[in-house]
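Peer 1: Here it is, the structure, as structure tokens.
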Amino acid sequence: MKAAVIESVGKAVVTEVPDPTPGPRDVVVEVAACGLCGTDLHILQGEFAPTLPVVPGHEFAGVVVGLGRDVREVSLGDRMAVDPSLYCYECRYCRSGHNNLCERWAAIGVTTAGGAARYAVAPVANCVRLPDHVRTEDAALIEPLSCAVRGYDVLNSRLGSHVLIYGSGTMGLMMLELAKRTGAASVDVVDLNADRLATARKLGVSGSGANADELDRPQGWDVVIDATGNAGAIQDGLERVAKAGTFLQFGVADYATRVSIDPYRIYNQEITITGSMAVLHSYERAAELFAGGVLDPDVFISDRLPLDAYPQALDQFASGVGRKIVVVP
């Protein structure tokens, strides 16, 4: 079958690979669409430390075309979205309910072959059936949405909070949509990318600009979310948190990123700094929200490219052009 392969650091190709074989409790999915994510760039750049080569693609959905011998829960032809998370269920973090911090953490499309291919294998337990009104080619958005849902689990957001989001790419826009639905009094967005900021305005924001100084909140924000992973944005965001407020590191920074904090201010103003790592008991809820219309796929997906264009799609994503880019095998 045809698949995208990250062969080595900095090199992605589209080539032929063997068709996947399901294990006893696996299904084979014919992929309808596979989204690109910042994690894919980190893998390409050698920052996420997977074993290469690997077929990327952890955001995907498709149709079941193969069943392992012990699978009874789904049938051939069922349309599925796939949670890529693979846990050991044995380490102290899995046993304490923090599976996303698993000591043997793995994921489809990161440590094992993923959805940037005609076919992909997934445990049946990771598959969520799509309702009739949800288009299979849109359901690749469910995985990033599940990460955003996890972010709001971490925030434990209070009604009436004033929220500032750095970045209006896919993840920033998802955090925007969830903020509006979790009772925020206002949601402001900062981004240097004018086109992406225009999309945030289209979705509805209280304020927006290239810099938080352009926004009228000198006392700061109750919740500040970084969805960029950029050191400059993170540093600025930390300084915008109001007293008793919370800063959420949601964007994926590279390993070398460093910022400074003011320990006295954190103590004196009771500021919380926290993070959110991937998916945790949030995929099914994201699928429900998606089916309920929390996101408009036609707004979030800016480009649908053929699988053959995967290397070019990575280049486009890295350049910041567009929003969610999906490849269609």
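We name chains A, B, ... following the order of the structure tokens; residues begin at 1 in each chain, and ligands are numbered from 1 as shown.
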Running DSSP on the backbone, which parts of range 110-258 of chain A land in strand (DSSP E or B), as a PyMOL selection string?
Peer 2: chain A and resi 112+117+119-123+127-129+162-166+186-190+207-209+221-226+241-249
Peer 1: Give me every alpha helix (DSSP H) residue in range 183-219 of chain A, going by DSSP on the backbone, as JSON, numbers by chain.
Peer 2: {"A": [194, 195, 196, 197, 198, 199, 200, 201, 202, 203]}
Peer 1: Here is a test: counting only C-alpha atoms, which residue of A:Gly35, A:Gly245, A:Gly62, A:Gly207 is nearest to Asp303 in chain A?
Peer 2: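 Ranking A:Gly35, A:Gly245, A:Gly62, A:Gly207 by distance to Asp303 in chain A, first place goes to A:Gly35.
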Peer 1: Go through range 23-139 of chain A residue by residue and, counting only C-alpha atoms, keep those with an atom at most 12 Å from range 216-240 of chain A; for each kept residue give the shortest atom pair and its distance in Å to one decimal, ordered by chain and increasing number, as CSV.
Peer 2:
```
residue,atom,partner,partner_atom,distance
A:Gly38,CA,A:Thr228,CA,9.6
A:Thr39,CA,A:Gly229,CA,11.3
A:His42,CA,A:Gly229,CA,11.5
```
Peer 1: Emit the selected residues as a PDB file, in the first residue's frame, including N, CA and C atoms.
Peer 2:
```pdb
ATOM      1  N   GLY A  38       1.492  19.565  14.873  1.00  0.00           N
ATOM      2  CA  GLY A  38       2.822  19.987  15.274  1.00  0.00           C
ATOM      3  C   GLY A  38       3.702  18.828  15.705  1.00  0.00           C
ATOM      4  N   THR A  39       3.097  17.788  16.257  1.00  0.00           N
ATOM      5  CA  THR A  39       3.872  16.614  16.651  1.00  0.00           C
ATOM      6  C   THR A  39       4.566  15.991  15.451  1.00  0.00           C
ATOM      7  N   HIS A  42       7.672  17.818  14.906  1.00  0.00           N
ATOM      8  CA  HIS A  42       8.674  17.467  15.916  1.00  0.00           C
ATOM      9  C   HIS A  42       9.325  16.120  15.584  1.00  0.00           C
TER      10      HIS A  42
END
```
Peer 1: Pick out the closest residue to Leu248 in chain A from this set: A:Gly115, A:Gly151, A:Pro131, A:Gly169. Count only C-alpha atoms.
Peer 2: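 Of A:Gly115, A:Gly151, A:Pro131, A:Gly169, the one nearest Leu248 in chain A is A:Gly151, counting only C-alpha atoms.
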Peer 1: Would you mind listing what lies within 10 Å of Tyr152 in chain A as a PyMOL selection string, with only C-alpha atoms counted and same-chain residues fewer than 5 positions away left out?
Peer 2: chain A and resi 146-147+157+175+178-179+182+248+276
Peer 1: Any chance you can output those residues with all heavy atoms as a PDB file, in the first residue's frame?
Peer 2:
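This is the output file again_18.pdb:
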```pdb
ATOM      1  N   SER A 146      -9.950  16.345  21.192  1.00  0.00           N
ATOM      2  CA  SER A 146      -9.848  15.619  22.460  1.00  0.00           C
ATOM      3  C   SER A 146      -8.688  16.139  23.304  1.00  0.00           C
ATOM      4  O   SER A 146      -8.749  16.125  24.537  1.00  0.00           O
ATOM      5  CB  SER A 146      -9.696  14.114  22.212  1.00  0.00           C
ATOM      6  OG  SER A 146      -8.438  13.794  21.655  1.00  0.00           O
ATOM      7  N   CYS A 147      -7.625  16.619  22.654  1.00  0.00           N
ATOM      8  CA  CYS A 147      -6.517  17.247  23.395  1.00  0.00           C
ATOM      9  C   CYS A 147      -6.974  18.561  24.022  1.00  0.00           C
ATOM     10  O   CYS A 147      -6.596  18.889  25.152  1.00  0.00           O
ATOM     11  CB  CYS A 147      -5.334  17.492  22.463  1.00  0.00           C
ATOM     12  SG  CYS A 147      -4.573  15.998  21.807  1.00  0.00           S
ATOM     13  N   SER A 157     -12.061  25.321  34.665  1.00  0.00           N
ATOM     14  CA  SER A 157     -12.436  26.711  34.440  1.00  0.00           C
ATOM     15  C   SER A 157     -13.653  27.132  35.252  1.00  0.00           C
ATOM     16  O   SER A 157     -14.630  26.395  35.360  1.00  0.00           O
ATOM     17  CB  SER A 157     -12.742  26.930  32.964  1.00  0.00           C
ATOM     18  OG  SER A 157     -11.881  27.865  32.416  1.00  0.00           O
ATOM     19  N   MET A 175      -9.418  25.856  21.384  1.00  0.00           N
ATOM     20  CA  MET A 175      -9.500  26.366  22.754  1.00  0.00           C
ATOM     21  C   MET A 175     -10.461  27.552  22.818  1.00  0.00           C
ATOM     22  O   MET A 175     -11.189  27.725  23.807  1.00  0.00           O
ATOM     23  CB  MET A 175      -8.111  26.757  23.250  1.00  0.00           C
ATOM     24  CG  MET A 175      -7.128  25.604  23.336  1.00  0.00           C
ATOM     25  SD  MET A 175      -7.703  24.234  24.360  1.00  0.00           S
ATOM     26  CE  MET A 175      -7.070  24.739  25.961  1.00  0.00           C
ATOM     27  N   LEU A 178     -14.028  26.126  22.828  1.00  0.00           N
ATOM     28  CA  LEU A 178     -14.361  25.538  24.125  1.00  0.00           C
ATOM     29  C   LEU A 178     -14.499  26.605  25.200  1.00  0.00           C
ATOM     30  O   LEU A 178     -15.352  26.495  26.089  1.00  0.00           O
ATOM     31  CB  LEU A 178     -13.306  24.501  24.524  1.00  0.00           C
ATOM     32  CG  LEU A 178     -13.244  23.244  23.657  1.00  0.00           C
ATOM     33  CD1 LEU A 178     -12.208  22.276  24.219  1.00  0.00           C
ATOM     34  CD2 LEU A 178     -14.606  22.555  23.565  1.00  0.00           C
ATOM     35  N   ALA A 179     -13.685  27.651  25.135  1.00  0.00           N
ATOM     36  CA  ALA A 179     -13.791  28.735  26.117  1.00  0.00           C
ATOM     37  C   ALA A 179     -15.167  29.377  26.053  1.00  0.00           C
ATOM     38  O   ALA A 179     -15.786  29.674  27.088  1.00  0.00           O
ATOM     39  CB  ALA A 179     -12.706  29.785  25.870  1.00  0.00           C
ATOM     40  N   THR A 182     -17.639  27.119  27.825  1.00  0.00           N
ATOM     41  CA  THR A 182     -17.444  26.816  29.251  1.00  0.00           C
ATOM     42  C   THR A 182     -17.653  28.058  30.112  1.00  0.00           C
ATOM     43  O   THR A 182     -17.151  28.135  31.225  1.00  0.00           O
ATOM     44  CB  THR A 182     -16.044  26.227  29.498  1.00  0.00           C
ATOM     45  OG1 THR A 182     -15.041  27.081  28.914  1.00  0.00           O
ATOM     46  CG2 THR A 182     -15.914  24.840  28.891  1.00  0.00           C
ATOM     47  N   LEU A 248      -1.879  28.054  31.323  1.00  0.00           N
ATOM     48  CA  LEU A 248      -1.859  26.690  30.796  1.00  0.00           C
ATOM     49  C   LEU A 248      -0.891  26.602  29.625  1.00  0.00           C
ATOM     50  O   LEU A 248      -1.056  27.286  28.614  1.00  0.00           O
ATOM     51  CB  LEU A 248      -3.254  26.274  30.317  1.00  0.00           C
ATOM     52  CG  LEU A 248      -3.325  24.914  29.615  1.00  0.00           C
ATOM     53  CD1 LEU A 248      -2.993  23.778  30.579  1.00  0.00           C
ATOM     54  CD2 LEU A 248      -4.700  24.692  28.976  1.00  0.00           C
ATOM     55  N   SER A 276      -0.840  20.528  29.943  1.00  0.00           N
ATOM     56  CA  SER A 276      -1.809  19.529  29.485  1.00  0.00           C
ATOM     57  C   SER A 276      -1.145  18.682  28.419  1.00  0.00           C
ATOM     58  O   SER A 276      -0.700  19.206  27.399  1.00  0.00           O
ATOM     59  CB  SER A 276      -3.052  20.228  28.923  1.00  0.00           C
ATOM     60  OG  SER A 276      -3.905  19.299  28.295  1.00  0.00           O
TER      61      SER A 276
END
```
Peer 1: So that I can see what lies close to range 310-323 of chain A, please list as a PyMOL selection string the residues with an atom at most 9 Å from it, counting only C-alpha atoms and leaving out residues fewer than 6 positions away in the same chain.
Peer 2: chain A and resi 4+11-14+36-38+40-41+116+168-170+193+195-196+299-303
Peer 1: Give me, as a PyMOL selection string, all polymer residues having an atom no more than 12 Å from Ile43 in chain A, counting only C-alpha atoms and skipping those fewer than 5 positions away in the same chain.
Peer 2: chain A and resi 5-12+36-38+48-58+109-111+254+314
Peer 1: For the residues selected in the previous step, produce a file with N, CA and C atoms as a short mmCIF file (atom, residue, chain, number, x, y, z; two decimals), in the first residue's frame.
Peer 2:
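Result file follows (result.cif):
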```
data_model
loop_
_atom_site.label_atom_id
_atom_site.label_comp_id
_atom_site.auth_asym_id
_atom_site.auth_seq_id
_atom_site.Cartn_x
_atom_site.Cartn_y
_atom_site.Cartn_z
N VAL A 5 6.15 8.19 4.83
CA VAL A 5 7.12 7.65 5.78
C VAL A 5 8.12 8.74 6.14
N ILE A 6 8.29 8.98 7.44
CA ILE A 6 9.41 9.80 7.88
C ILE A 6 10.58 8.85 8.04
N GLU A 7 11.50 8.91 7.07
CA GLU A 7 12.59 7.93 7.01
C GLU A 7 13.71 8.25 7.98
N SER A 8 14.01 9.53 8.10
CA SER A 8 15.10 9.99 8.95
C SER A 8 14.84 11.45 9.27
N VAL A 9 15.66 12.03 10.13
CA VAL A 9 15.46 13.42 10.52
C VAL A 9 15.50 14.31 9.28
N GLY A 10 14.42 15.06 9.08
CA GLY A 10 14.35 15.99 7.96
C GLY A 10 13.92 15.39 6.64
N LYS A 11 13.62 14.10 6.60
CA LYS A 11 13.28 13.47 5.33
C LYS A 11 11.97 12.70 5.42
N ALA A 12 10.96 13.17 4.65
CA ALA A 12 9.68 12.48 4.54
C ALA A 12 9.44 12.14 3.08
N LEU A 36 -2.53 16.72 9.81
CA LEU A 36 -1.16 17.03 10.20
C LEU A 36 -1.18 17.83 11.49
N CYS A 37 -0.14 17.63 12.29
CA CYS A 37 -0.09 18.23 13.62
C CYS A 37 1.35 18.66 13.91
N GLY A 38 1.49 19.56 14.87
CA GLY A 38 2.82 19.99 15.27
C GLY A 38 3.70 18.83 15.70
N PHE A 48 11.06 14.51 18.87
CA PHE A 48 10.13 13.72 19.67
C PHE A 48 10.68 12.33 19.98
N ALA A 49 11.82 12.02 19.41
CA ALA A 49 12.58 10.80 19.71
C ALA A 49 11.82 9.50 19.46
N PRO A 50 11.06 9.39 18.35
CA PRO A 50 10.54 8.06 18.02
C PRO A 50 11.62 7.25 17.32
N THR A 51 11.32 5.99 17.07
CA THR A 51 12.21 5.17 16.27
C THR A 51 11.84 5.35 14.81
N LEU A 52 12.79 5.79 14.01
CA LEU A 52 12.56 6.00 12.59
C LEU A 52 13.13 4.83 11.80
N PRO A 53 12.53 4.49 10.65
CA PRO A 53 11.42 5.20 10.00
C PRO A 53 10.07 4.89 10.66
N VAL A 54 9.09 5.78 10.44
CA VAL A 54 7.74 5.57 10.96
C VAL A 54 6.74 6.18 9.99
N VAL A 55 5.59 5.53 9.86
CA VAL A 55 4.46 6.11 9.14
C VAL A 55 3.75 7.04 10.12
N PRO A 56 3.74 8.35 9.87
CA PRO A 56 3.12 9.28 10.82
C PRO A 56 1.60 9.28 10.69
N GLY A 57 0.98 10.17 11.44
CA GLY A 57 -0.47 10.35 11.33
C GLY A 57 -1.22 9.79 12.52
N HIS A 58 -1.42 10.64 13.54
CA HIS A 58 -2.17 10.21 14.72
C HIS A 58 -3.57 10.82 14.78
N GLY A 109 0.92 6.36 14.93
CA GLY A 109 1.38 7.50 14.16
C GLY A 109 2.54 8.24 14.78
N VAL A 110 2.98 7.78 15.95
CA VAL A 110 4.14 8.39 16.61
C VAL A 110 5.20 7.32 16.85
N THR A 111 4.81 6.28 17.54
CA THR A 111 5.75 5.18 17.82
C THR A 111 5.44 3.93 17.01
N ASP A 254 9.65 22.98 21.70
CA ASP A 254 10.75 22.03 21.52
C ASP A 254 11.53 21.90 22.83
N LEU A 314 3.65 18.98 4.80
CA LEU A 314 4.47 19.28 5.98
C LEU A 314 5.14 20.64 5.84
#
```
Peer 1: Which of these residues is nearest to Gly251 in chain A, using only C-alpha atoms: A:Ser186, A:Lys324, A:Gly167, A:Val279?
Peer 2: A:Gly167
Peer 1: Skip Glu143 in chain A itself and residues of its chain fewer than 4 positions away, then list as a list in words all residues within 10 Å of it, counting only C-alpha atoms.
Peer 2: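 Here the answer would be Gly35, His58, Glu59, Phe60, Ala61, Ala81, Val82, Asp83, Pro84, Ser85, Ala139, Cys147, Ala148, Val149, Ala278, Val279, Ser282, Tyr283, Glu284, Ala286 and Ala287 of chain A.
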Peer 1: A:Val17, A:Ala3, A:Ile273, A:Asp70: which is nearest Pro306 in chain A, counting only C-alpha atoms?
Peer 2: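 Of A:Val17, A:Ala3, A:Ile273, A:Asp70, the one nearest Pro306 in chain A is A:Ala3, counting only C-alpha atoms.
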Peer 1: If we count only C-alpha atoms and set the cut-off at 6 Å, which residues sit around Ala120 in chain A, ignoring sequence neighbours fewer than 3 positions away in its own chain? Please answer as number ranges by chain.
Peer 2: A: 28-29, 114-115
Peer 1: Could you turn the residues from that selection into a file that holds all heavy atoms, as a compact mmCIF listing (two decimals), in the first residue's frame?
Peer 2:
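out.txt written:
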```txt
# COMPACT_ATOMS: atom_id res chain seq x y z
N VAL A 28 -8.50 -3.14 10.98
CA VAL A 28 -7.82 -2.42 9.91
C VAL A 28 -8.79 -1.36 9.39
O VAL A 28 -9.95 -1.67 9.07
CB VAL A 28 -7.40 -3.35 8.76
CG1 VAL A 28 -6.75 -2.55 7.63
CG2 VAL A 28 -6.45 -4.42 9.27
N VAL A 29 -8.32 -0.13 9.35
CA VAL A 29 -9.14 1.00 8.91
C VAL A 29 -8.62 1.49 7.57
O VAL A 29 -7.42 1.73 7.41
CB VAL A 29 -9.09 2.14 9.94
CG1 VAL A 29 -9.82 3.38 9.42
CG2 VAL A 29 -9.69 1.69 11.27
N GLY A 114 1.01 4.89 11.51
CA GLY A 114 -0.21 5.67 11.68
C GLY A 114 -1.05 5.80 10.43
O GLY A 114 -0.99 4.98 9.51
N GLY A 115 -1.83 6.89 10.41
CA GLY A 115 -2.88 7.04 9.43
C GLY A 115 -2.51 7.78 8.16
O GLY A 115 -3.39 8.01 7.33
```
Peer 1: So what do you get for CA of Asp138 in chain A versus CA of Ala33 in chain A, distance-wise?
Peer 2: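 It comes out at 7.3 Å.
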Peer 1: Ranking A:Lys180, A:Arg118, A:Arg265, A:His281 by minimum distance to Val154 in chain A and counting only C-alpha atoms, which one comes first?
Peer 2: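 Closest residue, counting only C-alpha atoms: A:His281.
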Peer 1: Name the closest residue to Met171 in chain A among the candidates A:Leu141, A:Val64, A:Val326, A:Ala106; distances are taken between atoms, counting only C-alpha atoms.
Peer 2: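 When distances to Met171 in chain A are compared using only C-alpha atoms, the smallest one comes from A:Leu141.
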